[in-house]
>>> print(open('data-v8.tsv').read())   # TSV, C-alpha atoms and all ligand atoms
chain	number	residue	atom	x	y	z
A	5	MET	CA	-145.54	120.54	-70.81
A	6	ARG	CA	-149.26	121.13	-70.60
A	7	ILE	CA	-150.74	119.35	-67.59
A	8	ALA	CA	-154.21	119.03	-66.07
A	9	VAL	CA	-155.22	118.39	-62.48
A	10	LEU	CA	-158.44	117.03	-60.99
A	11	CYS	CA	-159.94	115.67	-57.77
A	12	SER	CA	-161.98	112.49	-57.67
A	13	GLY	CA	-164.14	110.69	-55.10
A	14	GLY	CA	-164.85	112.02	-51.62
A	15	ASP	CA	-163.12	115.33	-50.91
A	16	SER	CA	-160.49	115.48	-48.19
A	17	PRO	CA	-159.24	118.47	-46.20
A	18	GLY	CA	-155.85	119.35	-47.65
A	19	MET	CA	-156.82	118.95	-51.30
A	20	ASN	CA	-156.70	122.73	-51.74
A	21	PRO	CA	-153.10	123.04	-50.48
A	22	VAL	CA	-152.21	120.12	-52.82
A	23	LEU	CA	-153.78	121.98	-55.76
A	24	ARG	CA	-151.97	125.19	-54.82
A	25	SER	CA	-148.71	123.30	-54.85
A	26	VAL	CA	-149.38	121.45	-58.11
A	27	VAL	CA	-150.29	124.66	-59.94
A	28	ARG	CA	-147.50	126.83	-58.61
A	29	THR	CA	-144.79	124.18	-58.90
A	30	ALA	CA	-145.79	123.42	-62.50
A	31	ILE	CA	-145.86	127.09	-63.47
A	32	ASP	CA	-142.51	127.66	-61.75
A	33	LEU	CA	-141.07	124.83	-63.85
A	34	GLY	CA	-142.39	126.37	-67.07
A	35	SER	CA	-145.57	124.31	-67.58
A	36	GLU	CA	-149.13	125.33	-68.29
A	37	VAL	CA	-151.79	123.99	-65.93
A	38	TYR	CA	-155.47	123.29	-66.52
A	39	GLY	CA	-157.94	122.43	-63.78
A	40	VAL	CA	-160.70	119.94	-64.56
A	41	ARG	CA	-163.83	120.73	-62.59
A	42	ARG	CA	-165.98	117.95	-61.07
A	43	GLY	CA	-163.45	115.13	-61.42
A	44	PHE	CA	-164.07	112.42	-64.02
A	45	ARG	CA	-167.46	113.93	-64.79
A	46	GLY	CA	-165.69	117.11	-65.86
A	47	LEU	CA	-163.24	115.09	-67.93
A	48	ILE	CA	-166.18	113.60	-69.85
A	49	GLU	CA	-167.99	116.96	-70.13
A	50	GLY	CA	-164.84	118.87	-71.07
A	51	GLU	CA	-164.82	121.23	-68.07
A	52	PHE	CA	-161.27	122.53	-68.37
A	53	GLU	CA	-160.09	125.91	-67.12
A	54	LYS	CA	-156.64	127.40	-67.34
A	55	LEU	CA	-155.17	128.04	-63.89
A	56	SER	CA	-152.70	130.71	-62.85
A	57	ASN	CA	-150.86	131.30	-59.60
A	58	ARG	CA	-153.71	133.64	-58.66
A	59	SER	CA	-156.39	130.98	-59.28
A	60	VAL	CA	-155.04	129.09	-56.27
A	61	GLY	CA	-154.69	132.14	-54.00
A	62	GLY	CA	-156.75	132.24	-50.80
A	63	ILE	CA	-157.42	128.48	-50.68
A	64	ILE	CA	-154.60	127.21	-48.45
A	65	ASN	CA	-156.81	127.37	-45.36
A	66	ARG	CA	-159.99	126.00	-46.93
A	67	GLY	CA	-161.26	122.43	-46.62
A	68	GLY	CA	-162.85	120.63	-49.57
A	69	THR	CA	-161.64	121.33	-53.08
A	70	PHE	CA	-162.17	124.50	-55.09
A	71	LEU	CA	-162.10	122.36	-58.26
A	72	LEU	CA	-165.09	120.34	-57.00
A	73	SER	CA	-165.17	116.56	-56.93
A	74	ALA	CA	-167.62	113.96	-58.19
A	75	ARG	CA	-168.16	110.27	-58.62
A	76	ASP	CA	-169.25	109.33	-62.15
A	77	GLU	CA	-170.27	105.75	-62.94
A	78	ARG	CA	-170.00	106.53	-66.65
A	79	PHE	CA	-166.23	106.45	-66.38
A	80	LYS	CA	-166.46	102.66	-65.96
A	81	LYS	CA	-167.70	102.38	-69.56
A	82	SER	CA	-165.18	102.60	-72.37
A	83	GLU	CA	-167.37	104.74	-74.65
A	84	TRP	CA	-167.49	107.49	-72.01
A	85	ARG	CA	-163.78	107.21	-71.27
A	86	GLU	CA	-163.17	107.60	-75.00
A	87	ARG	CA	-165.04	110.90	-74.84
A	88	ALA	CA	-162.80	112.01	-71.97
A	89	TYR	CA	-159.68	111.10	-73.96
A	90	ILE	CA	-160.91	113.13	-76.95
A	91	ASN	CA	-161.27	116.12	-74.60
A	92	LEU	CA	-157.73	115.61	-73.28
A	93	GLU	CA	-156.44	115.54	-76.84
A	94	LYS	CA	-158.43	118.64	-77.83
A	95	GLU	CA	-156.93	120.52	-74.89
A	96	LYS	CA	-153.46	119.14	-75.79
A	97	ILE	CA	-152.98	117.75	-72.28
A	98	GLU	CA	-149.76	115.74	-72.01
A	99	GLY	CA	-149.90	114.77	-68.34
A	100	LEU	CA	-152.43	114.45	-65.53
A	101	VAL	CA	-152.22	114.81	-61.75
A	102	ILE	CA	-155.16	113.18	-59.99
A	103	LEU	CA	-156.06	113.54	-56.31
A	104	GLY	CA	-158.08	110.75	-54.69
A	105	GLY	CA	-158.11	107.42	-52.91
A	106	GLU	CA	-157.48	103.85	-53.94
A	107	GLY	CA	-160.61	103.61	-56.15
A	108	THR	CA	-159.47	106.68	-58.06
A	109	PHE	CA	-156.05	105.15	-58.62
A	110	LYS	CA	-157.60	102.19	-60.48
A	111	ALA	CA	-158.97	104.72	-62.97
A	112	CYS	CA	-155.57	106.51	-63.11
A	113	SER	CA	-153.88	103.35	-64.25
A	114	LEU	CA	-156.57	102.80	-66.89
A	115	ILE	CA	-156.24	106.34	-68.25
A	116	HIS	CA	-152.49	105.95	-68.52
A	117	ARG	CA	-152.82	102.69	-70.47
A	118	GLU	CA	-155.68	103.76	-72.73
A	119	ALA	CA	-154.86	107.41	-73.40
A	120	GLY	CA	-151.09	106.92	-73.35
A	121	ILE	CA	-150.37	110.03	-71.26
A	122	GLY	CA	-148.51	110.34	-67.95
A	123	VAL	CA	-150.81	110.06	-64.92
A	124	ILE	CA	-149.55	110.68	-61.38
A	125	GLY	CA	-151.86	110.11	-58.40
A	126	ILE	CA	-151.77	111.82	-55.01
A	127	PRO	CA	-153.35	109.92	-52.07
A	128	CYS	CA	-156.04	112.16	-50.59
A	129	THR	CA	-158.56	110.46	-48.32
A	130	ILE	CA	-159.52	110.89	-44.68
A	131	ASP	CA	-159.63	107.07	-44.38
A	132	ASN	CA	-155.82	106.79	-44.68
A	133	ASP	CA	-156.36	103.36	-46.22
A	134	VAL	CA	-154.24	103.61	-49.38
A	135	GLY	CA	-151.72	100.77	-49.52
A	136	GLY	CA	-148.00	101.51	-49.89
A	137	THR	CA	-148.13	104.93	-48.25
A	138	GLU	CA	-148.08	105.72	-44.54
A	139	TYR	CA	-150.07	108.87	-45.14
A	140	SER	CA	-152.96	110.13	-47.23
A	141	VAL	CA	-153.79	113.84	-47.16
A	142	GLY	CA	-156.83	114.67	-45.00
A	143	PHE	CA	-156.43	112.05	-42.28
A	144	ASP	CA	-154.87	114.37	-39.70
A	145	THR	CA	-157.68	116.91	-40.09
A	146	ALA	CA	-160.38	114.23	-39.84
A	147	VAL	CA	-158.82	112.92	-36.62
A	148	PHE	CA	-158.48	116.47	-35.30
A	149	ASN	CA	-162.17	117.14	-36.03
A	150	ALA	CA	-163.27	113.85	-34.45
A	151	VAL	CA	-161.18	114.51	-31.33
A	152	GLU	CA	-162.66	117.98	-30.94
A	153	CYS	CA	-166.19	116.54	-31.11
A	154	ILE	CA	-165.47	113.64	-28.75
A	155	ASP	CA	-163.95	116.03	-26.19
A	156	ARG	CA	-167.21	117.96	-26.25
A	157	ILE	CA	-169.25	114.80	-25.88
A	158	ARG	CA	-167.08	113.81	-22.94
A	159	ASP	CA	-168.07	116.94	-21.00
A	160	THR	CA	-171.75	116.20	-21.24
A	161	ALA	CA	-171.24	112.44	-20.85
A	162	SER	CA	-169.47	113.03	-17.50
A	163	SER	CA	-172.05	115.52	-16.26
A	164	HIS	CA	-174.83	112.98	-16.73
A	165	GLU	CA	-172.72	109.87	-16.05
A	166	ARG	CA	-173.84	108.45	-19.37
A	167	VAL	CA	-172.71	105.78	-21.77
A	168	PHE	CA	-171.90	107.24	-25.20
A	169	LEU	CA	-171.28	105.54	-28.51
A	170	VAL	CA	-169.59	107.82	-31.03
A	171	GLU	CA	-169.43	106.64	-34.62
A	172	VAL	CA	-166.60	107.91	-36.80
A	173	MET	CA	-165.88	107.51	-40.53
A	174	GLY	CA	-163.18	105.38	-42.14
A	175	LYS	CA	-165.18	103.27	-44.61
A	176	THR	CA	-164.14	99.66	-44.03
A	177	ARG	CA	-161.11	100.57	-41.89
A	178	GLY	CA	-160.47	101.72	-38.32
A	179	PHE	CA	-157.63	104.23	-38.73
A	180	ILE	CA	-159.67	107.29	-37.72
A	181	ALA	CA	-161.31	105.43	-34.81
A	182	LEU	CA	-158.01	104.19	-33.43
A	183	SER	CA	-156.29	107.60	-33.53
A	184	ALA	CA	-159.31	109.52	-32.27
A	185	GLY	CA	-159.92	106.87	-29.61
A	186	ILE	CA	-156.42	106.95	-28.15
A	187	ALA	CA	-156.28	110.76	-28.31
A	188	THR	CA	-159.50	111.13	-26.32
A	189	GLY	CA	-158.84	108.35	-23.81
A	190	ALA	CA	-161.84	106.39	-25.06
A	191	ASP	CA	-163.00	103.58	-22.81
A	192	LEU	CA	-163.53	101.31	-25.78
A	193	ILE	CA	-162.39	101.42	-29.41
A	194	LEU	CA	-164.34	99.26	-31.83
A	195	ILE	CA	-162.67	98.74	-35.20
A	196	PRO	CA	-163.17	96.16	-37.95
A	197	GLU	CA	-159.55	95.01	-37.68
A	198	VAL	CA	-160.03	93.68	-34.15
A	199	GLU	CA	-162.57	91.00	-33.37
A	200	PHE	CA	-164.72	92.20	-30.48
A	201	PRO	CA	-168.29	90.87	-30.31
A	202	MET	CA	-170.98	93.36	-29.35
A	203	GLU	CA	-172.03	90.92	-26.59
A	204	ARG	CA	-168.86	91.81	-24.65
A	205	ILE	CA	-169.58	95.54	-24.45
A	206	PRO	CA	-171.81	95.40	-21.29
A	207	GLU	CA	-168.97	93.73	-19.39
A	208	GLU	CA	-166.61	96.58	-20.42
A	209	VAL	CA	-169.13	99.19	-19.28
A	210	SER	CA	-169.58	97.53	-15.92
A	211	LYS	CA	-165.77	97.26	-15.41
A	212	ALA	CA	-165.35	100.97	-16.15
A	213	LYS	CA	-168.13	101.95	-13.74
A	214	GLU	CA	-166.73	99.67	-11.02
A	215	ILE	CA	-163.35	101.44	-11.11
A	216	GLY	CA	-165.12	104.76	-10.68
A	217	LYS	CA	-165.34	106.20	-14.18
A	218	LEU	CA	-168.13	108.75	-14.48
A	219	HIS	CA	-168.86	108.14	-18.11
A	220	PHE	CA	-168.18	105.43	-20.67
A	221	ILE	CA	-167.25	106.48	-24.20
A	222	ALA	CA	-166.88	103.95	-27.01
A	223	VAL	CA	-165.45	105.19	-30.31
A	224	VAL	CA	-166.97	103.06	-33.04
A	225	ALA	CA	-165.56	102.85	-36.57
A	226	GLU	CA	-168.38	102.85	-39.13
A	227	GLY	CA	-166.76	99.71	-40.57
A	228	TYR	CA	-167.31	97.90	-37.25
A	229	GLY	CA	-171.05	98.58	-37.20
A	230	SER	CA	-173.75	101.14	-36.59
A	231	CYS	CA	-173.68	102.87	-33.22
A	232	GLN	CA	-177.50	103.09	-33.29
A	233	ILE	CA	-177.74	99.30	-33.50
A	234	ILE	CA	-175.22	98.92	-30.67
A	235	ARG	CA	-177.20	101.41	-28.58
A	236	GLU	CA	-180.41	99.44	-29.07
A	237	TYR	CA	-178.61	96.24	-28.08
A	238	LEU	CA	-177.11	97.83	-24.94
A	239	GLU	CA	-180.43	99.32	-23.93
A	240	LYS	CA	-181.99	95.87	-24.19
A	241	GLU	CA	-179.18	94.22	-22.22
A	242	MET	CA	-178.37	96.83	-19.55
A	243	GLY	CA	-181.25	99.31	-19.46
A	244	ASN	CA	-180.15	102.38	-17.48
A	245	LYS	CA	-178.14	100.36	-14.96
A	246	TYR	CA	-174.90	102.18	-15.84
A	247	GLY	CA	-176.46	105.48	-16.91
A	248	GLU	CA	-178.52	106.46	-19.93
A	249	ILE	CA	-177.16	105.43	-23.31
A	250	ARG	CA	-176.70	107.86	-26.18
A	251	ALA	CA	-175.31	107.46	-29.69
A	252	THR	CA	-173.80	110.16	-31.94
A	253	VAL	CA	-172.79	109.75	-35.57
A	254	LEU	CA	-170.14	112.39	-36.36
A	255	GLY	CA	-170.51	111.96	-40.14
A	256	HIS	CA	-169.28	114.57	-42.59
A	257	ILE	CA	-168.32	117.05	-39.86
A	258	GLN	CA	-165.07	115.07	-39.84
A	259	ARG	CA	-164.39	115.81	-43.51
A	260	GLY	CA	-164.91	119.58	-43.52
A	261	GLY	CA	-163.19	122.61	-42.05
A	262	PRO	CA	-159.72	124.08	-42.34
A	263	PRO	CA	-156.95	121.55	-42.97
A	264	THR	CA	-154.51	121.18	-40.07
A	265	PRO	CA	-150.98	122.57	-40.52
A	266	PHE	CA	-149.79	118.99	-41.00
A	267	ASP	CA	-152.24	118.38	-43.86
A	268	ARG	CA	-151.36	121.71	-45.46
A	269	ILE	CA	-147.63	121.04	-45.36
A	270	MET	CA	-147.92	117.38	-46.40
A	271	GLY	CA	-150.36	118.37	-49.14
A	272	MET	CA	-147.91	120.88	-50.58
A	273	ARG	CA	-145.06	118.37	-50.40
A	274	PHE	CA	-147.12	115.67	-52.13
A	275	GLY	CA	-148.10	118.19	-54.82
A	276	GLU	CA	-144.54	119.21	-55.56
A	277	VAL	CA	-143.31	115.60	-55.78
A	278	ALA	CA	-146.13	114.70	-58.19
A	279	VAL	CA	-145.37	117.57	-60.58
A	280	GLU	CA	-141.62	117.04	-60.48
A	281	ALA	CA	-142.14	113.34	-61.22
A	282	LEU	CA	-144.44	114.06	-64.17
A	283	LEU	CA	-142.13	116.67	-65.63
A	284	SER	CA	-139.10	114.46	-65.27
A	285	GLY	CA	-140.76	111.77	-67.38
A	286	GLU	CA	-142.55	109.54	-64.86
A	287	ARG	CA	-145.52	108.03	-66.73
A	288	SER	CA	-147.59	106.14	-64.22
A	289	GLY	CA	-147.81	105.76	-60.44
A	290	PHE	CA	-148.84	107.47	-57.22
A	291	VAL	CA	-146.83	109.46	-54.71
A	292	ALA	CA	-146.24	107.39	-51.58
A	293	TYR	CA	-144.81	108.57	-48.25
A	294	ARG	CA	-142.83	106.23	-46.04
A	295	LYS	CA	-140.41	106.90	-43.19
A	296	GLY	CA	-140.09	110.57	-44.06
A	297	ARG	CA	-139.45	110.07	-47.78
A	298	PHE	CA	-141.51	110.26	-50.97
A	299	PHE	CA	-141.58	107.60	-53.68
A	300	ILE	CA	-143.48	106.98	-56.90
A	301	GLU	CA	-145.17	103.59	-56.60
A	302	ASP	CA	-147.15	101.36	-58.98
A	303	TYR	CA	-150.89	101.84	-58.74
A	304	GLU	CA	-151.37	98.14	-57.85
A	305	LEU	CA	-149.66	98.74	-54.49
A	306	ALA	CA	-152.47	101.14	-53.48
A	307	SER	CA	-154.93	98.25	-53.15
A	308	GLU	CA	-152.72	96.31	-50.73
A	309	ARG	CA	-154.13	96.23	-47.21
A	310	ARG	CA	-152.45	98.66	-44.82
A	311	GLU	CA	-151.96	97.28	-41.33
A	312	ILE	CA	-153.26	99.27	-38.38
A	313	ASP	CA	-150.72	100.30	-35.76
A	314	ARG	CA	-150.88	97.44	-33.24
A	315	ASP	CA	-148.49	99.28	-30.96
A	316	LEU	CA	-150.91	102.18	-30.69
A	317	LEU	CA	-153.64	99.73	-29.81
A	318	ARG	CA	-151.42	98.16	-27.15
A	319	LEU	CA	-150.67	101.58	-25.65
A	320	TRP	CA	-154.35	102.53	-25.55
A	321	LYS	CA	-155.15	99.29	-23.70
A	322	ARG	CA	-152.33	99.81	-21.18
A	323	LEU	CA	-153.46	103.35	-20.40
A	324	ASN	CA	-157.15	102.55	-20.28
A	325	GLN	CA	-157.28	101.17	-16.75
A	401	LIG	O1	-163.86	107.79	-48.15
A	401	LIG	C1	-164.13	108.92	-47.39
A	401	LIG	C2	-165.46	108.79	-46.70
A	401	LIG	O2	-165.71	109.97	-45.94
A	401	LIG	C3	-165.63	107.54	-45.83
A	401	LIG	O3	-164.99	107.67	-44.58
A	401	LIG	C4	-167.12	107.42	-45.77
A	401	LIG	O4	-167.50	106.07	-45.55
A	401	LIG	C5	-167.56	107.87	-47.14
A	401	LIG	O5	-166.50	108.67	-47.66
A	401	LIG	C6	-168.81	108.69	-47.16
A	401	LIG	O6	-169.15	108.93	-48.47
A	401	LIG	P1	-170.19	110.03	-48.94
A	401	LIG	O7	-169.56	111.38	-48.78
A	401	LIG	O8	-170.46	109.69	-50.36
A	401	LIG	O9	-171.39	109.90	-48.04
>>> encode(input="data-v8.tsv", output="C-alpha cells", more="lines below")
Ligand code: F6P
Amino acid sequence: MRIAVLCSGGDSPGMNPVLRSVVRTAIDLGSEVYGVRRGFRGLIEGEFEKLSNRSVGGIINRGGTFLLSARDERFKKSEWRERAYINLEKEKIEGLVILGGEGTFKACSLIHREAGIGVIGIPCTIDNDVGGTEYSVGFDTAVFNAVECIDRIRDTASSHERVFLVEVMGKTRGFIALSAGIATGADLILIPEVEFPMERIPEEVSKAKEIGKLHFIAVVAEGYGSCQIIREYLEKEMGNKYGEIRATVLGHIQRGGPPTPFDRIMGMRFGEVAVEALLSGERSGFVAYRKGRFFIEDYELASERREIDRDLLRLWKRLNQ
C-alpha cells in the first residue's frame, strides 16, 4: 500500500517520534510512505516527498515537526479540496495518516468521505482536549515545560514576596493549568471548567499571606482569562498590600523543546497503531488511548467534551493549606 502522512494545525512536541514510527512501521510492513509538507496547504500544492527510514533519523529528540505544519482556510472550500484529491490520485496514495487535534479530525472525516481513501488520525495537541482519548501526544511535554518555568518564577516570587499570575496555554480548556498547577503547588488554579470569579482572588491572596506564605502564585489557563487583565484588577483592588503583582504569559515556550520520554514512547505507539489499522483495512477513525489500550474510534467522538480530573482538583485543594 502507498500511504502519505501529514501534520495539521498547531505543532505538538512528540509529532516527530510519531512520524518516525509511522514511516518505519509502514516500511517494515512492506508499504511505501510519502510525507506531505505543510499540512493541508501541502496537500493542495502537491508537496509530496518519498520518505525512507533514513528520512526520519535524528528527529526522535526534536520538538515540532520536520514535515512542517500549517493551517489553510482554503481546505474549507470544496474546489480547493478537489485539487488536493487530484494530487492524492496523481501520487497514487491509497491511505493517509494525519496528525492533529479535533479540528483536524473534522477534515479527516471529510477527506475519507469525499476522496474515498482510508484516513486514520492521531491525536497530537498540547491541549489534551480531544474527546474519546485520555491522551493526546504533546501534553506531557507542555506540562513539563510549564512546570519548569513556574518553578523558576517561584524562586524569584519568594525572594521578593510577590504575587504572580502565570498564564498557560490550553485553548478553551484547563488541562495544562490543572496539571502544572498541582505539580508546582500553585496557590490558586484558575480554569474555565471551574467557576471562580476574579473578585474572589484578593481574599485568596490574603488567606495565603495570613498563613505565612512568602509568595502567591496563581496558574491561569488562557481559557479562563488574561493574566494581564487580572493583574490590573488586583492592582486596583489590593495595591501592594500583599507584595508587588507581576504577570507572566508562558506562551509558545510550552510547545517547543525536546519531547519528554513519555511523549516519545506514546508517540511511537500511536504511530504504530495507526499504520497497522490502515494496512489491515480500517478506513476511517482516529487512534484513541484509554486505560492502557488503543482503539480506533469514529471521528465524531473527538468533538465530545473531555471532563477534567475532579479528583486531581480535590487533591490540589486538600494540599494547598
Ligand atoms: O492548540 C494548541 C495551542 O498551542 C493552544 O494551546 C493555543 O491557544 C494555540 O494553539 C495557539 O495558537 P498559535 O500557535 O496559532 O498562536
>>> closest_atom_pairs(input="data-v8.tsv", of="chain A", to="ligand LIG 401 (chain A)", cutoff="8 Å", atoms="only C-alpha atoms and all ligand atoms", output="Markdown table")
| residue | atom | partner | partner_atom | distance |
| --- | --- | --- | --- | --- |
| A:Gly13 | CA | A:LIG401 | O1 | 7.5 |
| A:Gly14 | CA | A:LIG401 | C1 | 5.3 |
| A:Asp15 | CA | A:LIG401 | C1 | 7.4 |
| A:Ser16 | CA | A:LIG401 | C1 | 7.5 |
| A:Gly105 | CA | A:LIG401 | O1 | 7.5 |
| A:Thr129 | CA | A:LIG401 | C1 | 5.9 |
| A:Ile130 | CA | A:LIG401 | C1 | 5.7 |
| A:Asp131 | CA | A:LIG401 | O3 | 5.4 |
| A:Val172 | CA | A:LIG401 | O3 | 7.9 |
| A:Met173 | CA | A:LIG401 | O3 | 4.1 |
| A:Gly174 | CA | A:LIG401 | O3 | 3.8 |
| A:Lys175 | CA | A:LIG401 | O4 | 3.8 |
| A:Thr176 | CA | A:LIG401 | O4 | 7.4 |
| A:Glu226 | CA | A:LIG401 | O4 | 7.2 |
| A:Gly255 | CA | A:LIG401 | O2 | 7.8 |
| A:His256 | CA | A:LIG401 | O2 | 6.7 |
| A:Gln258 | CA | A:LIG401 | O2 | 8.0 |
| A:Arg259 | CA | A:LIG401 | O2 | 6.5 |
>>> closest_residue(input="data-v8.tsv", among="A:Val198, A:Met242, A:Val224, A:Ala187", to="Ser210 (chain A)", atoms="all atoms listed in the file")
A:Met242
>>> closest_residue(input="data-v8.tsv", among="A:Val134, A:Val291, A:Ala225, A:Ala150", to="Glu276 (chain A)", atoms="all atoms listed in the file")
A:Val291
>>> atom_distance(input="data-v8.tsv", atom1="CA of Asp315 (chain A)", atom2="CA of Gly185 (chain A)")
13.8 Å
>>> closest_residue(input="data-v8.tsv", among="A:Ala292, A:Asn149, A:Glu77, A:Ile312", to="Ile195 (chain A)", atoms="only C-alpha atoms")
A:Ile312
>>> residues_near_point(input="data-v8.tsv", point="(-151.5, 110.6, -69.9)", cutoff="10 Å", atoms="only C-alpha atoms", output="list of chain:residue names")
A:Ile7, A:Ala8, A:Tyr89, A:Leu92, A:Glu93, A:Ile97, A:Glu98, A:Gly99, A:Leu100, A:Val101, A:Cys112, A:Ser113, A:Leu114, A:Ile115, A:His116, A:Arg117, A:Glu118, A:Ala119, A:Gly120, A:Ile121, A:Gly122, A:Val123, A:Ile124, A:Leu282, A:Arg287, A:Ser288
>>> closest_residue(input="data-v8.tsv", among="A:Ile157, A:Val9, A:Ile48, A:Ala111", to="Glu304 (chain A)", atoms="all atoms listed in the file")
A:Ala111
>>> closest_residue(input="data-v8.tsv", among="A:Val279, A:Gly50, A:Glu138, A:Ser25", to="Ile90 (chain A)", atoms="only C-alpha atoms")
A:Gly50
>>> atom_distance(input="data-v8.tsv", atom1="CA of Leu305 (chain A)", atom2="CA of Asn132 (chain A)")
14.1 Å
